[in-house]
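Below: work23.cif (mmCIF, C-alpha atoms)
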```cif
data_model
#
loop_
_atom_site.label_atom_id
_atom_site.label_comp_id
_atom_site.auth_asym_id
_atom_site.auth_seq_id
_atom_site.Cartn_x
_atom_site.Cartn_y
_atom_site.Cartn_z
CA MET A 1 -121.46 -51.84 58.28
CA THR A 2 -125.11 -51.07 57.53
CA THR A 3 -124.30 -49.83 54.01
CA SER A 4 -122.28 -52.92 53.11
CA LEU A 5 -125.02 -55.14 54.53
CA VAL A 6 -127.65 -53.39 52.42
CA PHE A 7 -125.60 -53.90 49.25
CA ARG A 8 -124.87 -57.57 50.06
CA MET A 9 -128.51 -58.34 50.75
CA ALA A 10 -129.63 -56.38 47.67
CA ALA A 11 -127.21 -58.33 45.46
CA GLN A 12 -128.47 -61.64 46.90
CA ASN A 13 -132.10 -60.61 46.34
CA LEU A 14 -131.31 -59.56 42.78
CA ARG A 15 -129.91 -63.02 42.05
CA ARG A 16 -132.84 -64.68 43.80
CA TYR A 17 -135.54 -62.78 41.92
CA TRP A 18 -133.73 -62.34 38.60
CA ARG A 19 -136.50 -64.03 36.59
CA LYS A 20 -139.00 -61.36 37.66
CA SER A 21 -136.59 -58.63 36.54
CA LEU A 22 -135.36 -60.19 33.28
CA SER A 23 -137.75 -58.35 30.95
CA THR A 24 -137.05 -55.02 32.65
CA LEU A 25 -133.32 -55.72 32.49
CA LEU A 26 -133.52 -56.25 28.73
CA VAL A 27 -135.72 -53.17 28.21
CA MET A 28 -133.25 -50.93 30.05
CA ALA A 29 -130.23 -52.46 28.29
CA VAL A 30 -131.82 -51.90 24.87
CA GLY A 31 -132.68 -48.33 25.92
CA ILE A 32 -129.06 -47.66 26.86
CA LEU A 33 -127.95 -49.21 23.56
CA ALA A 34 -130.36 -47.09 21.51
CA CYS A 35 -129.53 -43.81 23.24
CA ASN A 36 -125.75 -44.28 23.17
CA VAL A 37 -125.60 -45.44 19.55
CA LEU A 38 -127.96 -42.70 18.38
CA TYR A 39 -126.07 -40.02 20.31
CA GLY A 40 -122.79 -41.30 18.87
CA TYR A 41 -124.24 -41.08 15.36
CA VAL A 42 -125.60 -37.57 15.96
CA ASP A 43 -122.29 -36.41 17.44
CA ALA A 44 -120.26 -37.89 14.58
CA THR A 45 -122.59 -36.43 11.93
CA LEU A 46 -122.42 -32.96 13.47
CA ASP A 47 -118.61 -33.22 13.61
CA LEU A 48 -118.53 -34.18 9.92
CA THR A 49 -120.87 -31.31 9.04
CA SER A 50 -118.77 -28.88 11.07
CA GLU A 51 -115.60 -30.04 9.34
CA ALA A 52 -117.32 -29.72 5.96
CA PHE A 53 -117.84 -26.01 6.65
CA THR A 54 -114.64 -25.14 8.50
CA ARG A 55 -112.16 -27.16 6.44
CA TRP A 56 -113.72 -28.34 3.17
CA GLY A 57 -115.67 -25.09 2.79
CA ALA A 58 -112.57 -23.17 3.98
CA ARG A 59 -114.54 -21.00 6.39
CA GLY A 60 -112.16 -21.57 9.25
CA GLN A 61 -113.52 -20.91 12.72
CA LEU A 62 -114.06 -17.14 12.42
CA MET A 63 -115.30 -14.80 9.69
CA ILE A 64 -114.62 -11.07 9.50
CA GLU A 65 -117.23 -8.96 7.73
CA SER A 66 -118.79 -5.53 7.75
CA PRO A 67 -122.57 -6.16 7.54
CA VAL A 68 -124.82 -3.37 6.35
CA ALA A 69 -127.14 -3.79 9.35
CA GLU A 70 -125.65 -3.94 12.83
CA GLY A 71 -127.70 -6.97 13.82
CA ALA A 72 -127.42 -8.83 10.51
CA ALA A 73 -126.03 -12.28 11.22
CA GLN A 74 -127.72 -14.23 8.45
CA GLU A 75 -125.66 -16.21 5.99
CA ASP A 76 -126.78 -14.07 3.04
CA ALA A 77 -126.79 -10.70 4.84
CA ALA A 78 -125.65 -7.73 2.76
CA LYS A 79 -122.10 -6.59 3.45
CA VAL A 80 -120.07 -3.43 3.07
CA LEU A 81 -116.97 -4.20 1.03
CA LEU A 82 -113.67 -4.01 2.89
CA THR A 83 -111.44 -1.37 1.29
CA GLU A 84 -107.70 -1.69 0.76
CA GLU A 85 -107.07 0.38 3.89
CA ALA A 86 -109.37 -1.86 5.92
CA GLN A 87 -107.61 -4.91 4.52
CA ARG A 88 -104.22 -3.60 5.61
CA THR A 89 -105.56 -3.05 9.12
CA ILE A 90 -107.11 -6.51 9.26
CA ASP A 91 -103.93 -8.12 7.92
CA SER A 92 -101.92 -6.32 10.60
CA VAL A 93 -104.22 -7.40 13.43
CA LEU A 94 -104.42 -11.01 12.26
CA GLY A 95 -100.66 -11.18 11.86
CA GLU A 96 -100.14 -10.01 15.44
CA THR A 97 -102.81 -12.21 17.04
CA GLN A 98 -101.59 -15.44 18.61
CA GLY A 99 -103.55 -18.53 17.71
CA VAL A 100 -104.34 -17.47 14.13
CA MET A 101 -103.05 -20.28 11.93
CA ALA A 102 -104.18 -19.00 8.52
CA TYR A 103 -106.54 -16.48 6.97
CA ALA A 104 -107.77 -15.63 3.50
CA ARG A 105 -109.72 -12.90 1.71
CA LEU A 106 -112.84 -13.64 -0.31
CA LEU A 107 -114.81 -11.55 -2.80
CA GLU A 108 -118.38 -12.56 -3.55
CA ILE A 109 -119.35 -12.44 -7.22
CA SER A 110 -122.50 -13.23 -9.17
CA GLY A 111 -123.84 -12.76 -12.68
CA LEU A 112 -124.26 -14.72 -15.90
CA VAL A 113 -121.98 -17.36 -17.38
CA SER A 114 -122.21 -18.31 -21.05
CA ASP A 115 -120.57 -20.75 -23.43
CA GLY A 116 -121.95 -18.88 -26.45
CA ARG A 117 -125.05 -21.04 -26.66
CA THR A 118 -126.27 -21.47 -23.09
CA ASN A 119 -126.59 -18.83 -20.39
CA ALA A 120 -126.80 -19.63 -16.69
CA ILE A 121 -126.81 -17.67 -13.45
CA PHE A 122 -123.71 -18.15 -11.33
CA THR A 123 -122.85 -17.27 -7.74
CA GLY A 124 -119.32 -17.68 -6.56
CA ILE A 125 -116.21 -16.25 -4.98
CA GLY A 126 -112.77 -14.97 -5.69
CA GLN A 127 -110.22 -16.19 -3.16
CA ASP A 128 -106.61 -16.02 -2.06
CA VAL A 129 -105.74 -19.41 -3.50
CA GLU A 130 -102.72 -20.39 -1.40
CA LYS A 131 -104.24 -19.08 1.82
CA ILE A 132 -107.46 -20.97 1.20
CA ARG A 133 -105.31 -24.03 0.61
CA ALA A 134 -103.73 -23.51 4.04
CA ILE A 135 -107.16 -23.28 5.69
CA LYS A 136 -108.34 -26.48 4.02
CA GLY A 137 -105.25 -28.48 4.91
CA PRO A 138 -103.82 -31.56 3.16
CA GLU A 139 -107.06 -33.56 3.42
CA TYR A 140 -109.15 -31.03 1.51
CA GLU A 141 -106.70 -29.01 -0.60
CA TYR A 142 -107.35 -31.14 -3.69
CA ASP A 143 -110.89 -29.83 -3.85
CA VAL A 144 -111.96 -30.85 -7.36
CA VAL A 145 -113.48 -34.05 -8.71
CA ALA A 146 -112.12 -33.43 -12.21
CA GLY A 147 -109.39 -31.24 -13.67
CA LYS A 148 -107.00 -29.41 -11.37
CA PRO A 149 -107.48 -27.18 -8.30
CA LEU A 150 -106.64 -23.48 -8.59
CA TRP A 151 -103.33 -23.81 -6.72
CA ALA A 152 -102.16 -26.35 -9.33
CA THR A 153 -102.79 -23.89 -12.20
CA ALA A 154 -101.29 -20.79 -10.55
CA GLY A 155 -100.03 -18.16 -12.99
CA THR A 156 -102.42 -19.13 -15.77
CA PRO A 157 -106.05 -18.09 -16.38
CA SER A 158 -108.24 -20.61 -14.59
CA MET A 159 -111.71 -21.10 -13.18
CA ILE A 160 -113.44 -23.76 -11.10
CA VAL A 161 -117.11 -24.50 -11.83
CA GLY A 162 -119.68 -26.55 -9.96
CA GLN A 163 -120.45 -30.04 -11.17
CA GLU A 164 -124.04 -29.33 -12.28
CA LEU A 165 -123.10 -25.97 -13.80
CA ALA A 166 -120.40 -27.70 -15.85
CA ARG A 167 -122.99 -30.11 -17.23
CA THR A 168 -125.29 -27.19 -18.06
CA LEU A 169 -122.42 -25.68 -20.06
CA SER A 170 -122.05 -28.90 -22.10
CA CYS A 171 -119.04 -30.29 -20.25
CA LYS A 172 -118.55 -34.03 -19.91
CA VAL A 173 -118.00 -34.45 -16.18
CA PRO A 174 -117.41 -37.70 -14.28
CA ASP A 175 -120.32 -38.63 -12.04
CA VAL A 176 -118.35 -38.88 -8.79
CA GLY A 177 -118.55 -37.07 -5.49
CA PHE A 178 -115.80 -35.39 -3.52
CA SER A 179 -113.95 -37.32 -0.84
CA PRO A 180 -111.06 -36.03 1.31
CA THR A 181 -107.54 -37.28 0.75
CA LYS A 182 -106.44 -39.76 3.38
CA PRO A 183 -102.90 -39.62 4.84
CA GLY A 184 -100.42 -41.21 2.43
CA GLU A 185 -103.01 -41.28 -0.35
CA LYS A 186 -102.54 -39.56 -3.72
CA PRO A 187 -105.56 -37.68 -5.14
CA GLU A 188 -107.10 -39.26 -8.21
CA GLU A 189 -106.84 -37.03 -11.27
CA ARG A 190 -109.81 -37.18 -13.62
CA PRO A 191 -110.02 -35.39 -16.97
CA PHE A 192 -113.10 -33.58 -18.26
CA GLU A 193 -114.01 -32.03 -21.59
CA CYS A 194 -116.12 -29.03 -22.60
CA ASP A 195 -117.47 -28.18 -26.05
CA ARG A 196 -116.08 -24.65 -25.74
CA PRO A 197 -112.61 -23.84 -24.32
CA ASP A 198 -113.66 -20.62 -22.56
CA PHE A 199 -116.70 -19.33 -20.70
CA GLN A 200 -117.72 -15.70 -20.46
CA LEU A 201 -118.62 -14.29 -17.05
CA SER A 202 -120.78 -11.16 -17.08
CA VAL A 203 -121.32 -9.11 -13.93
CA VAL A 204 -122.58 -5.74 -12.78
CA THR A 205 -119.84 -3.91 -10.88
CA ASN A 206 -120.39 -1.82 -7.77
CA GLU A 207 -120.39 1.27 -9.99
CA GLY A 208 -123.30 -0.15 -12.00
CA GLN A 209 -121.23 -0.97 -15.07
CA ILE A 210 -121.46 -4.25 -16.96
CA ASN A 211 -118.18 -6.10 -17.24
CA ALA A 212 -117.43 -9.38 -19.04
CA VAL A 213 -114.31 -11.55 -19.00
CA SER A 214 -113.69 -15.02 -20.41
CA PHE A 215 -111.95 -17.79 -18.44
CA PRO A 216 -111.18 -21.43 -19.22
CA ALA A 217 -112.70 -24.04 -16.91
CA THR A 218 -109.73 -25.87 -15.41
CA GLY A 219 -111.51 -27.80 -12.67
CA VAL A 220 -114.89 -29.11 -11.55
CA MET A 221 -115.92 -28.93 -7.91
CA ASP A 222 -118.53 -30.91 -6.02
CA TRP A 223 -119.57 -28.87 -2.97
CA GLY A 224 -121.95 -31.57 -1.78
CA ILE A 225 -125.23 -29.69 -2.30
CA LYS A 226 -126.83 -29.81 -5.76
CA GLU A 227 -128.24 -26.29 -5.59
CA ILE A 228 -124.76 -24.90 -4.97
CA ASN A 229 -123.20 -27.08 -7.67
CA GLN A 230 -125.68 -25.61 -10.17
CA ARG A 231 -124.32 -22.06 -9.68
CA LEU A 232 -120.80 -22.33 -8.27
CA VAL A 233 -117.87 -20.46 -9.80
CA VAL A 234 -114.50 -19.98 -8.07
CA LEU A 235 -111.77 -17.63 -9.32
CA PRO A 236 -108.38 -16.51 -8.06
CA MET A 237 -108.69 -13.23 -6.14
CA LYS A 238 -106.84 -11.17 -8.76
CA ASP A 239 -109.13 -12.32 -11.57
CA ALA A 240 -112.27 -11.81 -9.48
CA GLN A 241 -111.23 -8.25 -8.58
CA GLU A 242 -110.53 -7.45 -12.22
CA LEU A 243 -113.93 -8.86 -13.17
CA MET A 244 -115.67 -6.74 -10.52
CA ASN A 245 -113.38 -3.73 -11.20
CA THR A 246 -112.49 -3.35 -7.52
CA GLN A 247 -109.66 -3.87 -5.06
CA SER A 248 -112.08 -4.43 -2.18
CA VAL A 249 -113.06 -7.79 -0.71
CA SER A 250 -116.22 -9.10 0.95
CA LYS A 251 -114.83 -10.90 3.99
CA TYR A 252 -112.02 -12.80 5.66
CA HIS A 253 -112.01 -16.42 6.75
CA VAL A 254 -109.78 -17.23 9.72
CA ARG A 255 -108.52 -20.65 10.76
CA LEU A 256 -107.37 -20.96 14.36
CA ALA A 257 -104.66 -23.27 15.65
CA ASP A 258 -105.77 -26.47 17.34
CA GLY A 259 -106.83 -25.93 20.93
CA VAL A 260 -107.45 -22.19 20.58
CA SER A 261 -110.82 -21.08 21.96
CA MET A 262 -113.07 -19.48 19.35
CA GLU A 263 -114.67 -17.29 22.02
CA ASP A 264 -111.33 -15.95 23.27
CA ALA A 265 -109.97 -15.40 19.76
CA ARG A 266 -113.13 -13.59 18.68
CA GLU A 267 -113.01 -11.32 21.72
CA LYS A 268 -109.34 -10.47 21.12
CA LEU A 269 -109.96 -9.63 17.47
CA MET A 270 -113.02 -7.51 18.23
CA LYS A 271 -111.08 -5.48 20.81
CA ALA A 272 -108.14 -5.06 18.43
CA PHE A 273 -110.39 -3.84 15.60
CA GLU A 274 -112.18 -1.43 17.94
CA ALA A 275 -108.84 -0.06 19.08
CA LYS A 276 -107.91 0.53 15.42
CA GLY A 277 -111.24 2.26 14.78
CA LEU A 278 -112.27 -0.36 12.22
CA LYS A 279 -116.01 -1.06 12.03
CA VAL A 280 -116.11 -4.76 11.31
CA ARG A 281 -117.68 -7.72 13.07
CA VAL A 282 -116.21 -11.12 13.82
CA PHE A 283 -118.66 -14.00 13.41
CA TYR A 284 -118.35 -17.64 14.33
CA TRP A 285 -118.42 -19.91 11.31
CA SER A 286 -121.75 -21.33 12.51
CA ASP A 287 -123.35 -17.86 12.41
CA ARG A 288 -123.15 -18.11 8.64
CA ALA A 289 -124.12 -21.78 8.32
CA THR A 290 -127.89 -22.10 8.00
CA PHE A 291 -127.59 -25.66 6.73
CA TYR A 292 -125.62 -26.69 9.83
CA HIS A 293 -128.32 -25.33 12.13
CA GLN A 294 -130.97 -27.20 10.13
CA VAL A 295 -129.05 -30.46 10.46
CA TYR A 296 -128.42 -29.79 14.15
CA GLY A 297 -132.09 -29.10 14.87
CA LEU A 298 -133.25 -32.19 12.97
CA LEU A 299 -130.80 -34.60 14.58
CA MET A 300 -131.12 -33.26 18.12
CA GLY A 301 -134.91 -33.21 17.83
CA PHE A 302 -134.93 -36.86 16.77
CA PHE A 303 -132.49 -37.78 19.55
CA GLY A 304 -134.62 -35.96 22.12
CA PHE A 305 -137.70 -37.87 20.95
CA VAL A 306 -135.95 -41.25 21.24
CA LEU A 307 -134.53 -40.29 24.64
CA ALA A 308 -137.97 -39.31 25.94
CA ILE A 309 -139.51 -42.57 24.72
CA THR A 310 -136.67 -44.57 26.28
CA LEU A 311 -137.06 -42.85 29.65
CA VAL A 312 -140.84 -43.35 29.72
CA VAL A 313 -140.64 -47.03 28.73
CA SER A 314 -137.82 -47.72 31.21
CA PHE A 315 -139.66 -45.93 34.01
CA MET A 316 -142.94 -47.77 33.42
CA SER A 317 -141.18 -51.12 33.10
CA LEU A 318 -139.25 -50.52 36.32
CA LEU A 319 -142.38 -49.33 38.10
CA ASN A 320 -144.27 -52.47 37.11
CA THR A 321 -141.42 -54.80 38.05
CA SER A 322 -140.84 -53.05 41.37
CA TYR A 323 -144.53 -53.17 42.22
CA VAL A 324 -144.84 -56.89 41.49
CA ASN A 325 -141.56 -57.68 43.25
CA PHE A 326 -141.92 -55.57 46.39
CA MET A 327 -145.65 -56.08 46.97
CA GLY A 328 -145.07 -59.84 46.81
CA ARG A 329 -142.42 -59.63 49.52
CA ILE A 330 -144.37 -57.78 52.23
CA ARG A 331 -144.01 -60.72 54.65
CA GLU A 332 -140.26 -60.80 53.98
CA PHE A 333 -140.00 -57.10 54.80
CA GLY A 334 -142.13 -57.65 57.93
CA THR A 335 -139.77 -60.41 59.04
CA LEU A 336 -136.75 -58.12 58.61
CA ARG A 337 -138.42 -55.43 60.68
CA SER A 338 -139.36 -57.95 63.38
CA MET A 339 -135.67 -58.89 63.59
CA GLY A 340 -134.79 -55.31 64.47
CA PHE A 341 -134.14 -53.77 61.07
CA SER A 342 -135.69 -50.34 60.67
CA LYS A 343 -138.23 -49.28 58.09
CA GLU A 344 -135.55 -47.04 56.55
CA PHE A 345 -133.27 -50.08 56.17
CA VAL A 346 -135.96 -51.95 54.25
CA LEU A 347 -136.59 -48.93 52.02
CA SER A 348 -132.87 -48.62 51.36
CA LEU A 349 -132.77 -52.32 50.49
CA CYS A 350 -135.51 -51.84 47.89
CA TRP A 351 -133.85 -48.81 46.37
CA VAL A 352 -130.42 -50.45 46.21
CA GLU A 353 -131.93 -53.50 44.49
CA SER A 354 -133.36 -51.21 41.81
CA LEU A 355 -130.06 -49.35 41.60
CA LEU A 356 -128.09 -52.57 41.09
CA LEU A 357 -130.60 -53.70 38.48
CA ALA A 358 -130.06 -50.42 36.60
CA LEU A 359 -126.27 -50.76 36.84
CA VAL A 360 -126.36 -54.32 35.46
CA ALA A 361 -128.64 -53.18 32.62
CA GLY A 362 -126.35 -50.22 32.00
CA ALA A 363 -123.29 -52.47 31.79
CA MET A 364 -125.07 -54.75 29.31
CA GLY A 365 -126.18 -51.74 27.28
CA LEU A 366 -122.67 -50.28 27.24
CA LEU A 367 -121.14 -53.56 26.05
CA ALA A 368 -123.73 -53.77 23.27
CA SER A 369 -123.14 -50.09 22.39
CA ALA A 370 -119.40 -50.67 22.15
CA ALA A 371 -119.92 -53.69 19.89
CA VAL A 372 -122.29 -51.83 17.56
CA THR A 373 -120.10 -48.72 17.47
CA LEU A 374 -116.96 -50.70 16.66
CA SER A 375 -118.75 -52.70 13.96
CA VAL A 376 -120.13 -49.60 12.24
CA ARG A 377 -116.78 -47.79 12.39
CA MET A 378 -115.01 -50.77 10.83
CA ALA A 379 -117.67 -51.35 8.15
CA GLY A 380 -116.97 -48.09 6.27
CA LEU A 381 -120.63 -47.55 5.35
CA SER A 382 -121.93 -44.42 3.61
CA TRP A 383 -125.14 -42.98 2.18
CA VAL A 384 -126.26 -40.09 0.00
CA PRO A 385 -128.63 -37.73 1.90
CA PRO A 386 -131.54 -36.05 0.07
CA GLY A 387 -130.33 -32.92 -1.72
CA SER A 388 -126.70 -34.00 -1.52
CA SER A 389 -124.46 -34.89 -4.43
CA ASN A 390 -121.93 -37.07 -2.66
CA ALA A 391 -121.83 -39.87 -0.15
CA VAL A 392 -121.62 -39.15 3.57
CA PRO A 393 -119.84 -41.71 5.76
CA ILE A 394 -121.94 -43.46 8.39
CA THR A 395 -119.97 -43.51 11.61
CA ILE A 396 -120.53 -43.44 15.36
CA SER A 397 -118.29 -41.54 17.75
CA TRP A 398 -117.06 -42.77 21.11
CA SER A 399 -118.36 -40.61 23.96
CA ALA A 400 -117.36 -41.48 27.53
CA PRO A 401 -119.39 -38.57 29.00
CA ALA A 402 -122.52 -39.81 27.21
CA TYR A 403 -121.97 -43.36 28.47
CA THR A 404 -121.49 -42.18 32.04
CA LEU A 405 -124.48 -39.86 31.91
CA SER A 406 -126.75 -42.55 30.45
CA ILE A 407 -126.03 -44.91 33.35
CA ALA A 408 -126.41 -42.12 35.91
CA VAL A 409 -129.80 -41.11 34.47
CA LEU A 410 -130.92 -44.74 34.37
CA ALA A 411 -129.91 -45.17 38.02
CA VAL A 412 -131.96 -42.12 39.02
CA VAL A 413 -134.95 -43.39 37.02
CA ALA A 414 -134.64 -46.81 38.66
CA VAL A 415 -134.57 -45.42 42.19
CA GLY A 416 -137.43 -43.05 41.39
CA ALA A 417 -139.57 -45.80 39.85
CA SER A 418 -139.06 -48.06 42.88
CA ALA A 419 -139.92 -45.34 45.41
CA ILE A 420 -143.72 -45.69 45.21
CA PRO A 421 -143.86 -49.53 45.44
CA ALA A 422 -141.20 -49.54 48.17
CA LEU A 423 -143.06 -47.01 50.30
CA LYS A 424 -146.35 -48.83 49.80
CA SER A 425 -144.87 -52.22 50.70
CA THR A 426 -143.43 -50.90 53.99
CA ARG A 427 -146.47 -48.89 55.03
CA LYS A 428 -148.04 -51.73 57.01
CA THR A 429 -147.21 -52.46 60.64
CA ILE A 430 -145.07 -55.49 61.47
CA ARG A 431 -148.15 -57.48 62.59
CA GLU A 432 -150.01 -56.64 59.35
CA ALA A 433 -146.97 -57.42 57.21
CA LEU A 434 -146.39 -60.84 58.83
CA SER A 435 -150.03 -61.78 58.30
CA ASP A 436 -150.04 -60.63 54.64
CA LEU A 437 -151.03 -63.31 52.17
#
```

Just dump the structure as structure tokens.
Amino acid sequence: MTTSLVFRMAAQNLRRYWRKSLSTLLVMAVGILACNVLYGYVDATLDLTSEAFTRWGARGQLMIESPVAEGAAQEDAAKVLLTEEAQRTIDSVLGETQGVMAYARLLEISGLVSDGRTNAIFTGIGQDVEKIRAIKGPEYEYDVVAGKPLWATAGTPSMIVGQELARTLSCKVPDVGFSPTKPGEKPEERPFECDRPDFQLSVVTNEGQINAVSFPATGVMDWGIKEINQRLVVLPMKDAQELMNTQSVSKYHVRLADGVSMEDAREKLMKAFEAKGLKVRVFYWSDRATFYHQVYGLLMGFFGFVLAITLVVSFMSLLNTSYVNFMGRIREFGTLRSMGFSKEFVLSLCWVESLLLALVAGAMGLLASAAVTLSVRMAGLSWVPPGSSNAVPITISWSAPAYTLSIAVLAVVAVGASAIPALKSTRKTIREALSDL
């Protein structure tokens, strides 16, 4: 009975004094709008970046390597090549592990590429073409902006080069960025021309010998980062191994089935490799993604700053409104107490008024957030970030937990901000309160 009475009276008071609370109501609603929209943008951007590495970059969720140093987890850490025997063991373990959807071997290569007139440094990989295609999936398998992907030229000498490297080697390349293939959509095929039909790759093998092989450029790839596009070369695994004069590989990329926990899969693989006596380490894809951590730190830092500003402004606005409202109603509170209501009842009334004000502001903020989110998602906007070579879609994700948490935090802030004015307004005796001017 008392609880329902408090809420009824608080709702009536909120309607009665709504003009005094209007500015605070708008401030809190805008704060909810800003935090929810910004969090949705941050969450969507991190999801896109994650997918760029795991699917477009074909890293999968896990990476199997044998780093030179036990604690080396950097993206460019030196690795011990995996021998043919180690590869057979890894293939056996991966084939027996539930939840592994696809996996592929990669061999890191680097050296000089030349068209006979121009020399350039390249850094690239040799890969199991069809297995990489399985990791990428239908949306990302057509991974070139001009020419044909490696899986479309299987059985013939072929090489993929980065967009900027192709231009350095006097190739006429369309100035377009990569975009994934949508369901039911056919990839657009674009031709490109080079002054020379073949390019010579020169490398230093693990034995210290210089080896050179010529390959035709059959496709141009846009990885999304200009610095990578300036050096990128991708070869089929067989050709890369012949170039490096080795049967070893640098690492494995593993894609897990949907719903499979990365932590559980990593633990299973580590135990299986230890049981086989194989000294390799299983990394999460993010352990080898410095760029992802940079983006994560930047976005979360900015979100944290906006959140802190929103909380401070909301708290101060609520504190000011509560002070003006409650201190002007001391006689009203004295009358309630003279009618038999306790001091605790009056305090509860003040706090519930602030709580209801926060809930109304939260509802307004959520409606505005939903409208903005829906509008942005339907608009199909995009932008080109600094250092990137293709457009990134601007989108905002839906996040029910974030919406719920934002209202809960606002409610706590509202009750906390009203505590000091409420306590001060009920500190006087009934006689003093009734005689207050």

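With all atoms listed in the file as the atoms that count, the residue of A:Leu232, A:Ala120, A:Leu33, A:Leu26 with the shortest distance to A:Ile407 is A:Leu33.
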
Skipping near chain neighbours, those fewer than 5 positions away, what residues fall within 9 Å of A:Phe122 using only C-alpha atoms, listed as a JSON list (two decimals) with C-alpha atoms, in the frame of the given file?
```json
[["chain", "number", "residue", "atom", "x", "y", "z"],
["A", 109, "ILE", "CA", -119.35, -12.44, -7.22],
["A", 110, "SER", "CA", -122.50, -13.23, -9.17],
["A", 111, "GLY", "CA", -123.84, -12.76, -12.68],
["A", 112, "LEU", "CA", -124.26, -14.72, -15.90],
["A", 113, "VAL", "CA", -121.98, -17.36, -17.38],
["A", 165, "LEU", "CA", -123.10, -25.97, -13.80],
["A", 201, "LEU", "CA", -118.62, -14.29, -17.05],
["A", 230, "GLN", "CA", -125.68, -25.61, -10.17],
["A", 231, "ARG", "CA", -124.32, -22.06, -9.68],
["A", 232, "LEU", "CA", -120.80, -22.33, -8.27],
["A", 233, "VAL", "CA", -117.87, -20.46, -9.80]]
```

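Minimum atom-to-atom distances from A:Ile64, A:Leu256, A:Ala240, A:Val204 to A:Ala134 were compared using only C-alpha atoms, and the lowest value belongs to A:Leu256.
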
- Task: Take atom CA of A:Gly380 and atom CA of A:Asp43 and report the distance between them in Å, one decimal.
- Result: 17.0 Å

- Could you write out as a list in words the residues that the PyMOL selection byres ((chain A and resi 183-186) around 9) matches in the shown file? Pro138, Glu139, Thr181, Lys182, Pro187 and Glu188 of chain A

Now that the selection is made, can you save its residues with C-alpha atoms as a PDB file, in the coordinates of the input?
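Contents of part20.pdb, freshly written:
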```pdb
ATOM      1  CA  PRO A 138    -103.820 -31.560   3.160  1.00  0.00           C
ATOM      2  CA  GLU A 139    -107.060 -33.560   3.420  1.00  0.00           C
ATOM      3  CA  THR A 181    -107.540 -37.280   0.750  1.00  0.00           C
ATOM      4  CA  LYS A 182    -106.440 -39.760   3.380  1.00  0.00           C
ATOM      5  CA  PRO A 187    -105.560 -37.680  -5.140  1.00  0.00           C
ATOM      6  CA  GLU A 188    -107.100 -39.260  -8.210  1.00  0.00           C
TER       7      GLU A 188
END
```

- Message: Please report the interatomic distance between atom CA of A:Ala104 and atom CA of A:Leu81 in Å with one decimal.
- Response: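 So the answer is 14.9 Å.
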
- Message: Every residue with an atom at most 9 Å from (-115.6, -39.5, -7.9) (file coordinates; only C-alpha atoms) is what I'm after, so could you write them as a list in words?
- Response: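 Those residues lying close to the given coordinates are Val145, Ala146, Pro174, Asp175, Val176, Gly177, Phe178, Ser179, Glu188, Arg190 and Asn390 of chain A.
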
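Atom CA of A:Ser314 to atom CA of A:Gly362 spans 11.8 Å [interatomic distance, one decimal].
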
- Message: Once the PyMOL selection byres ((chain A and resi 154-156) around 12) is applied to the coordinates I shared, what remains selected? I want it as a list in words.
- Response: Asp128, Val129, Glu130, Lys148, Pro149, Leu150, Trp151, Ala152, Thr153, Pro157, Ser158, Met159, Phe215, Pro216, Ala217, Thr218, Leu235, Pro236, Met237, Lys238 and Asp239 of chain A

- Out of A:Gln247, A:Thr54, A:Thr45, A:Asn36, which residue has the shortest atom-to-atom distance to A:Pro393 when counting all atoms listed in the file? A:Thr45

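Nearest residue to A:Leu347 among A:Leu359, A:Arg133, A:Val6, A:Ala166 is A:Val6, counting only C-alpha atoms.
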
- Item | Polymer residues at most 12 Å from (-125.6, -22.4, 11.4) by only C-alpha atoms, as a count of residues only | 24

Please complete stretch 112-119 of chain A with N, CA and C atoms and give it back as a PDB file, keeping the file's coordinate frame.
```
ATOM      1  N   LEU A 112    -123.907 -13.734 -14.882  1.00  0.00           N
ATOM      2  CA  LEU A 112    -124.260 -14.720 -15.900  1.00  0.00           C
ATOM      3  C   LEU A 112    -123.002 -15.352 -16.460  1.00  0.00           C
ATOM      4  N   VAL A 113    -123.067 -16.656 -16.715  1.00  0.00           N
ATOM      5  CA  VAL A 113    -121.980 -17.360 -17.380  1.00  0.00           C
ATOM      6  C   VAL A 113    -122.539 -17.939 -18.675  1.00  0.00           C
ATOM      7  N   SER A 114    -121.732 -17.875 -19.734  1.00  0.00           N
ATOM      8  CA  SER A 114    -122.210 -18.310 -21.050  1.00  0.00           C
ATOM      9  C   SER A 114    -121.107 -19.037 -21.795  1.00  0.00           C
ATOM     10  N   ASP A 115    -121.512 -20.066 -22.541  1.00  0.00           N
ATOM     11  CA  ASP A 115    -120.570 -20.750 -23.430  1.00  0.00           C
ATOM     12  C   ASP A 115    -120.820 -20.365 -24.884  1.00  0.00           C
ATOM     13  N   GLY A 116    -121.622 -19.325 -25.105  1.00  0.00           N
ATOM     14  CA  GLY A 116    -121.950 -18.880 -26.450  1.00  0.00           C
ATOM     15  C   GLY A 116    -123.290 -19.411 -26.926  1.00  0.00           C
ATOM     16  N   ARG A 117    -123.747 -20.475 -26.293  1.00  0.00           N
ATOM     17  CA  ARG A 117    -125.050 -21.040 -26.660  1.00  0.00           C
ATOM     18  C   ARG A 117    -126.005 -21.086 -25.466  1.00  0.00           C
ATOM     19  N   THR A 118    -125.452 -21.326 -24.306  1.00  0.00           N
ATOM     20  CA  THR A 118    -126.270 -21.470 -23.090  1.00  0.00           C
ATOM     21  C   THR A 118    -125.856 -20.421 -22.075  1.00  0.00           C
ATOM     22  N   ASN A 119    -126.852 -19.783 -21.472  1.00  0.00           N
ATOM     23  CA  ASN A 119    -126.590 -18.830 -20.390  1.00  0.00           C
ATOM     24  C   ASN A 119    -127.106 -19.412 -19.076  1.00  0.00           C
TER      25      ASN A 119
END
```
